[in-house]
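Content type CSV, C-alpha atoms and all ligand atoms, from the file start_10.csv:
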chain,number,residue,atom,x,y,z
A,69,MET,CA,38.2,128.6,74.7
A,70,ALA,CA,34.9,126.9,73.9
A,71,ALA,CA,33.7,126.7,70.3
A,72,GLU,CA,30.1,126.9,71.4
A,73,PRO,CA,28.2,130.2,70.5
A,74,GLN,CA,28.6,132.8,73.2
A,75,ASP,CA,25.5,134.8,74.2
A,76,ASP,CA,27.5,138.0,74.6
A,77,CYS,CA,29.5,137.7,71.3
A,78,LEU,CA,28.6,140.1,68.5
A,79,PHE,CA,30.1,137.9,65.8
A,80,CYS,CA,28.3,134.8,67.1
A,81,LYS,CA,25.1,136.8,66.7
A,82,ILE,CA,26.1,137.7,63.1
A,83,VAL,CA,26.8,134.0,62.4
A,84,GLU,CA,23.3,133.1,63.8
A,85,GLY,CA,21.6,135.9,61.8
A,86,HIS,CA,20.5,137.8,64.9
A,87,VAL,CA,22.6,140.9,64.0
A,88,PRO,CA,22.6,142.1,60.4
A,89,ALA,CA,25.8,142.3,58.4
A,90,THR,CA,26.7,142.8,54.7
A,91,ILE,CA,27.8,139.2,54.1
A,92,VAL,CA,30.0,138.8,51.0
A,93,ARG,CA,30.8,135.1,51.3
A,94,GLU,CA,29.8,132.1,53.4
A,95,THR,CA,31.1,128.6,53.6
A,96,GLU,CA,30.2,125.7,55.8
A,97,THR,CA,32.7,126.9,58.4
A,98,THR,CA,33.2,130.6,57.8
A,99,VAL,CA,31.4,133.9,57.1
A,100,ALA,CA,32.9,137.0,55.5
A,101,PHE,CA,31.2,140.4,55.9
A,102,ARG,CA,32.1,144.1,55.3
A,103,ASP,CA,33.5,145.9,58.3
A,104,ILE,CA,31.0,148.5,59.6
A,105,ASN,CA,33.8,151.1,60.0
A,106,PRO,CA,35.9,150.5,56.9
A,107,GLN,CA,39.6,151.5,57.0
A,108,ALA,CA,40.2,150.8,53.2
A,109,PRO,CA,38.1,150.5,50.1
A,110,THR,CA,37.9,146.8,50.8
A,111,HIS,CA,37.7,146.0,54.5
A,112,VAL,CA,36.1,142.6,55.0
A,113,LEU,CA,36.2,140.5,58.2
A,114,VAL,CA,36.5,136.7,57.8
A,115,ILE,CA,35.4,134.7,60.8
A,116,PRO,CA,35.1,131.1,61.7
A,117,LYS,CA,31.5,130.2,62.6
A,118,ALA,CA,32.8,128.6,65.7
A,119,HIS,CA,33.7,130.9,68.6
A,120,TYR,CA,37.4,131.2,69.5
A,121,PRO,CA,38.6,134.3,71.3
A,122,ASN,CA,41.5,135.0,69.0
A,123,ALA,CA,43.4,133.6,66.0
A,124,ALA,CA,46.0,131.7,68.1
A,125,ALA,CA,43.3,129.9,70.1
A,126,LEU,CA,41.6,129.0,66.8
A,127,ALA,CA,44.8,127.7,65.3
A,128,ALA,CA,45.7,125.7,68.4
A,129,ALA,CA,42.2,124.0,68.6
A,130,GLU,CA,41.3,123.7,65.0
A,131,PRO,CA,44.1,124.2,62.5
A,132,THR,CA,42.1,123.2,59.5
A,133,LEU,CA,39.5,125.9,60.5
A,134,ALA,CA,42.2,128.5,60.7
A,135,ALA,CA,43.3,127.4,57.2
A,136,ASP,CA,39.7,127.8,56.1
A,137,VAL,CA,39.8,131.5,57.3
A,138,LEU,CA,43.0,132.1,55.3
A,139,ARG,CA,41.6,130.5,52.2
A,140,GLU,CA,38.5,132.7,52.4
A,141,ALA,CA,40.8,135.8,52.8
A,142,GLN,CA,42.2,135.0,49.4
A,143,ALA,CA,38.7,134.4,48.0
A,144,VAL,CA,37.6,137.8,49.2
A,145,ALA,CA,40.7,139.4,47.6
A,146,ASP,CA,39.9,137.6,44.4
A,147,GLU,CA,36.3,138.8,44.4
A,148,ASP,CA,37.4,142.4,44.9
A,149,LYS,CA,40.2,142.0,42.3
A,150,LEU,CA,42.9,142.9,44.8
A,151,GLU,CA,46.4,142.3,43.6
A,152,SER,CA,47.8,143.3,47.0
A,153,TYR,CA,46.1,143.2,50.4
A,154,ARG,CA,46.8,142.9,54.1
A,155,ILE,CA,45.5,140.3,56.5
A,156,VAL,CA,45.4,141.5,60.1
A,157,PHE,CA,44.6,139.5,63.3
A,158,ASN,CA,44.5,142.0,66.1
A,159,THR,CA,45.3,139.9,69.2
A,160,GLY,CA,44.8,141.5,72.6
A,161,ALA,CA,43.4,144.9,73.7
A,162,GLY,CA,46.8,146.6,73.3
A,163,ALA,CA,46.9,145.6,69.6
A,164,GLY,CA,43.4,147.0,69.1
A,165,GLN,CA,41.3,143.8,69.5
A,166,THR,CA,37.8,144.8,70.4
A,167,VAL,CA,35.7,141.8,69.5
A,168,TRP,CA,36.7,138.5,71.2
A,169,HIS,CA,35.7,136.2,68.4
A,170,ALA,CA,38.6,135.4,66.0
A,171,HIS,CA,38.5,137.4,62.8
A,172,ALA,CA,40.8,138.3,60.0
A,173,HIS,CA,40.7,141.8,58.6
A,174,ILE,CA,41.2,141.8,54.8
A,175,LEU,CA,42.3,145.3,53.8
A,176,GLY,CA,43.0,146.5,50.3
A,177,GLY,CA,42.2,148.9,47.5
A,178,ARG,CA,44.7,151.6,48.7
A,179,GLY,CA,48.4,151.9,49.4
A,180,MET,CA,49.6,150.4,52.7
A,181,GLN,CA,52.3,151.8,54.9
A,182,TRP,CA,54.9,149.7,56.8
A,183,PRO,CA,55.3,149.6,59.8
A,184,PRO,CA,51.5,149.7,60.5
A,185,GLY,CA,50.3,152.1,63.2
A,201,LIG,P1,39.1,144.3,66.2
A,201,LIG,O1,39.2,145.7,66.7
A,201,LIG,O2,40.3,143.8,65.5
A,201,LIG,O3,38.6,143.4,67.3
A,201,LIG,O4,38.0,144.3,65.0
A,201,LIG,C1,36.6,144.4,65.2
A,201,LIG,C2,36.1,145.0,64.0
A,201,LIG,O5,34.7,144.8,64.0
A,201,LIG,C3,36.2,146.5,63.9
A,201,LIG,O6,37.0,146.9,62.7
A,201,LIG,C4,34.8,147.1,63.9
A,201,LIG,O7,34.7,148.2,63.0
A,201,LIG,C5,34.0,145.8,63.3
A,201,LIG,N1,32.6,145.8,63.7
A,201,LIG,C6,32.1,146.1,64.9
A,201,LIG,N2,30.7,145.9,64.9
A,201,LIG,C7,30.5,145.4,63.6
A,201,LIG,C8,29.3,145.1,62.9
A,201,LIG,N3,28.1,145.1,63.5
A,201,LIG,N4,29.3,144.7,61.6
A,201,LIG,C9,30.5,144.7,61.0
A,201,LIG,N5,31.7,145.0,61.6
A,201,LIG,C10,31.7,145.4,62.9
A,202,ZN,ZN,31.6,134.5,69.0
Rewritten as C-alpha cells:
Amino acid sequence: MAAEPQDDCLFCKIVEGHVPATIVRETETTVAFRDINPQAPTHVLVIPKAHYPNAAALAAAEPTLAADVLREAQAVADEDKLESYRIVFNTGAGAGQTVWHAHAHILGGRGMQWPPG
C-alpha cells in the first residue's frame, strides 16, 4: 500500500525514466504514456507518480491524487480530440490487471461495445 517507488514495478521505472515510454503528458503528480499494445487508435495510460497497487487503494489513500488522474484522462482526450472515450481501471487479475501500479486506460478513436468483454 506504500506510495514509495517499488523496485519490481514497471510503471515506477517509467516514472523514474529507467524504462522508456512514449510520454504524452506529465504533471507534478501524474504521467500519461501510450500503451505498448494499443487496443484502440488512442490508448493512453494515466498513472499517479506515487505507487499504489490499484485505483481503489489510490483513492482511499490520496483522493486528490485520484482526481488528478481523472483530470489528466480528460486532458488526454482533449489532446487527441476525442468526443467519446472510455476510462478503464482493471482491478484484480480476474479483471485483466497485469501491472500492480494504479493506472487508467484511456481508450478512444473507434466505436465501443457494451458490455465490455
Ligand atoms: P492492465 O492489464 O490493466 O494492468 O494494463 C497494463 C497495460 O500496460 C497493458 O495494456 C499493457 O499493454 C501495458 N504495458 C505493459 N508494458 C508497457 C510498457 N513498457 N509501456 C507501455 N505500456 C505497457
Ligand atoms: Zn509502481
Just want the residues within 10 Å of ligand ZN 202 (chain A), written as an MDAnalysis selection string, counting only C-alpha atoms and all ligand atoms.
chainID A and resid 70:84 115:122 167:171
Taking only C-alpha atoms and all ligand atoms into account, report as a list of chain:residue names which residues have an atom no farther than 8 Å from an atom of ligand LIG 201 (chain A).
A:Leu78, A:Phe79, A:Ile82, A:Val87, A:Pro88, A:Ala89, A:Thr90, A:Phe101, A:Arg102, A:Asp103, A:Ile104, A:Asn105, A:Pro106, A:Gln107, A:Leu113, A:Val156, A:Phe157, A:Asn158, A:Thr159, A:Ala163, A:Gly164, A:Gln165, A:Thr166, A:Val167, A:Trp168, A:His169, A:His171, A:Ala172, A:His173
How about saving the chosen residues, C-alpha atoms kept, as a compact mmCIF listing (two decimals), in the coordinates of the input?
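Printed below is part15.txt as written:
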# COMPACT_ATOMS: atom_id res chain seq x y z
CA LEU A 78 28.60 140.10 68.50
CA PHE A 79 30.10 137.90 65.80
CA ILE A 82 26.10 137.70 63.10
CA VAL A 87 22.60 140.90 64.00
CA PRO A 88 22.60 142.10 60.40
CA ALA A 89 25.80 142.30 58.40
CA THR A 90 26.70 142.80 54.70
CA PHE A 101 31.20 140.40 55.90
CA ARG A 102 32.10 144.10 55.30
CA ASP A 103 33.50 145.90 58.30
CA ILE A 104 31.00 148.50 59.60
CA ASN A 105 33.80 151.10 60.00
CA PRO A 106 35.90 150.50 56.90
CA GLN A 107 39.60 151.50 57.00
CA LEU A 113 36.20 140.50 58.20
CA VAL A 156 45.40 141.50 60.10
CA PHE A 157 44.60 139.50 63.30
CA ASN A 158 44.50 142.00 66.10
CA THR A 159 45.30 139.90 69.20
CA ALA A 163 46.90 145.60 69.60
CA GLY A 164 43.40 147.00 69.10
CA GLN A 165 41.30 143.80 69.50
CA THR A 166 37.80 144.80 70.40
CA VAL A 167 35.70 141.80 69.50
CA TRP A 168 36.70 138.50 71.20
CA HIS A 169 35.70 136.20 68.40
CA HIS A 171 38.50 137.40 62.80
CA ALA A 172 40.80 138.30 60.00
CA HIS A 173 40.70 141.80 58.60
Looking at all atoms listed in the file, which of A:Ala161, A:Ala134, A:Arg154, A:Thr110 is the one that sits closest to A:Gly177?
A:Thr110
So how far away is atom CA of A:Asp136 from atom CA of A:His111, in Å?
18.4 Å
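We find atom CA of A:Trp182 and atom CA of A:Leu126 to be spaced 26.6 Å apart.
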Near A:Ala143, within 12 Å and counting all atoms listed in the file, which residues show up once chain neighbours fewer than 5 positions away are dropped, as a ChimeraX atom specification?
/A:92-95,98-100,112,114,136-138,148-151,153,174
As a check of understanding: the span from atom CA of A:Ile91 to atom CA of A:Val144 is 11.0 Å
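Of the listed residues (A:Gly179, A:Thr132, A:Arg139, A:Ala127), A:Gly179 comes nearest to A:Ser152; the distances count only C-alpha atoms.
Closest approach to A:Leu133 among A:Pro184, A:Ala108, A:Gly162, A:Thr97 is made by A:Thr97 (distances from all atoms listed in the file).
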What would stretch 91-106 of chain A look like with N, CA and C atoms restored, written as a compact mmCIF listing (two decimals), in the coordinates of the input?
# COMPACT_ATOMS: atom_id res chain seq x y z
N ILE A 91 27.03 140.46 54.28
CA ILE A 91 27.80 139.20 54.10
C ILE A 91 28.21 139.12 52.61
N VAL A 92 29.48 138.91 52.38
CA VAL A 92 30.00 138.80 51.00
C VAL A 92 30.29 137.35 50.62
N ARG A 93 30.58 136.51 51.60
CA ARG A 93 30.80 135.10 51.30
C ARG A 93 30.45 134.28 52.55
N GLU A 94 30.02 133.06 52.29
CA GLU A 94 29.80 132.10 53.40
C GLU A 94 30.13 130.75 52.94
N THR A 95 30.79 130.01 53.82
CA THR A 95 31.10 128.60 53.60
C THR A 95 30.47 127.81 54.74
N GLU A 96 30.68 126.50 54.70
CA GLU A 96 30.20 125.70 55.80
C GLU A 96 30.76 126.08 57.13
N THR A 97 31.99 126.62 57.09
CA THR A 97 32.70 126.90 58.40
C THR A 97 33.01 128.34 58.63
N THR A 98 32.79 129.22 57.64
CA THR A 98 33.20 130.60 57.80
C THR A 98 32.16 131.57 57.24
N VAL A 99 32.25 132.82 57.69
CA VAL A 99 31.40 133.90 57.10
C VAL A 99 32.37 135.09 56.89
N ALA A 100 32.15 135.80 55.77
CA ALA A 100 32.90 137.00 55.50
C ALA A 100 31.90 138.15 55.26
N PHE A 101 32.15 139.27 55.96
CA PHE A 101 31.20 140.40 55.90
C PHE A 101 32.00 141.71 55.93
N ARG A 102 31.38 142.77 55.40
CA ARG A 102 32.10 144.10 55.30
C ARG A 102 32.13 144.68 56.74
N ASP A 103 33.31 145.25 57.05
CA ASP A 103 33.50 145.90 58.30
C ASP A 103 32.59 147.16 58.38
N ILE A 104 31.94 147.39 59.50
CA ILE A 104 31.00 148.50 59.60
C ILE A 104 31.71 149.85 59.66
N ASN A 105 33.00 149.85 59.91
CA ASN A 105 33.80 151.10 60.00
C ASN A 105 35.05 150.90 59.10
N PRO A 106 34.85 150.89 57.77
CA PRO A 106 35.90 150.50 56.90
C PRO A 106 37.15 151.41 56.92
